[in-house]
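Notes to accompany the following structure.
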Amino acid sequence: MTCKNGTIYWNYPTGTIDLHFKDDRAFTACFRDELGVAVLELSDITTGAPKVFPSLFHGDDPDKDYCVTSVNNNLIIKMHAPFHAYVAAFSYQLRF
């Protein structure tokens, strides 16, 4: 795995992208709002059945993460902007 942490930016009005995380061992991926991520729909689609994230926006606790665990050392997160979302960003950190 080359990126164990980073920031993912959304700079397009609408659409969908799948983010793939993979390693040789089990991991947990934790996500945190950086900029307006409440306009995006995020879900874990690793097993095929979408598991929608709760909102990553935590105005009362900006340091709160939402974490999901890999399945067979894989994780696929669907990022969808159902309406115009010009700019949004969230950070991620992989934990082993």
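Chain identifiers are assigned as A, B, and so on, following the order in which chains appear in the structure tokens; residues are numbered from 1 within each chain, and ligands are numbered from 1 in order of appearance.
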If we count only C-alpha atoms and set the cut-off at 8 Å, which residues sit around Glu34 (chain A), ignoring sequence neighbours fewer than 2 positions away in its own chain? Please answer as a PyMOL selection string. chain A and resi 32+36-37+88-91
Running DSSP on the backbone, which parts of chain A land in strand (DSSP E), as a ChimeraX atom specification? /A:5-10,15-22,28-35,41-44,51-52,66-69,74-81,88-95
Rank nothing, just name the residue among A:Lys4, A:Tyr66, A:Pro82, A:Asn11 nearest to Asp23 (chain A), using only C-alpha atoms. A:Lys4
Residues near Arg25 (chain A), cut-off 12 Å, only C-alpha atoms, skip fewer than 3 positions along chain, as a PyMOL selection string: chain A and resi 1+21-22+28+69-75+94-96
Between CA of Gly15 (chain A) and CA of Lys64 (chain A), what is the distance, to one decimal in Å?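 Taking CA of Gly15 (chain A) and CA of Lys64 (chain A), their separation equals 26.4 Å.
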Using CA of Phe27 (chain A) and CA of Thr46 (chain A) as the two end points, give the distance in Å to one decimal. 13.3 Å
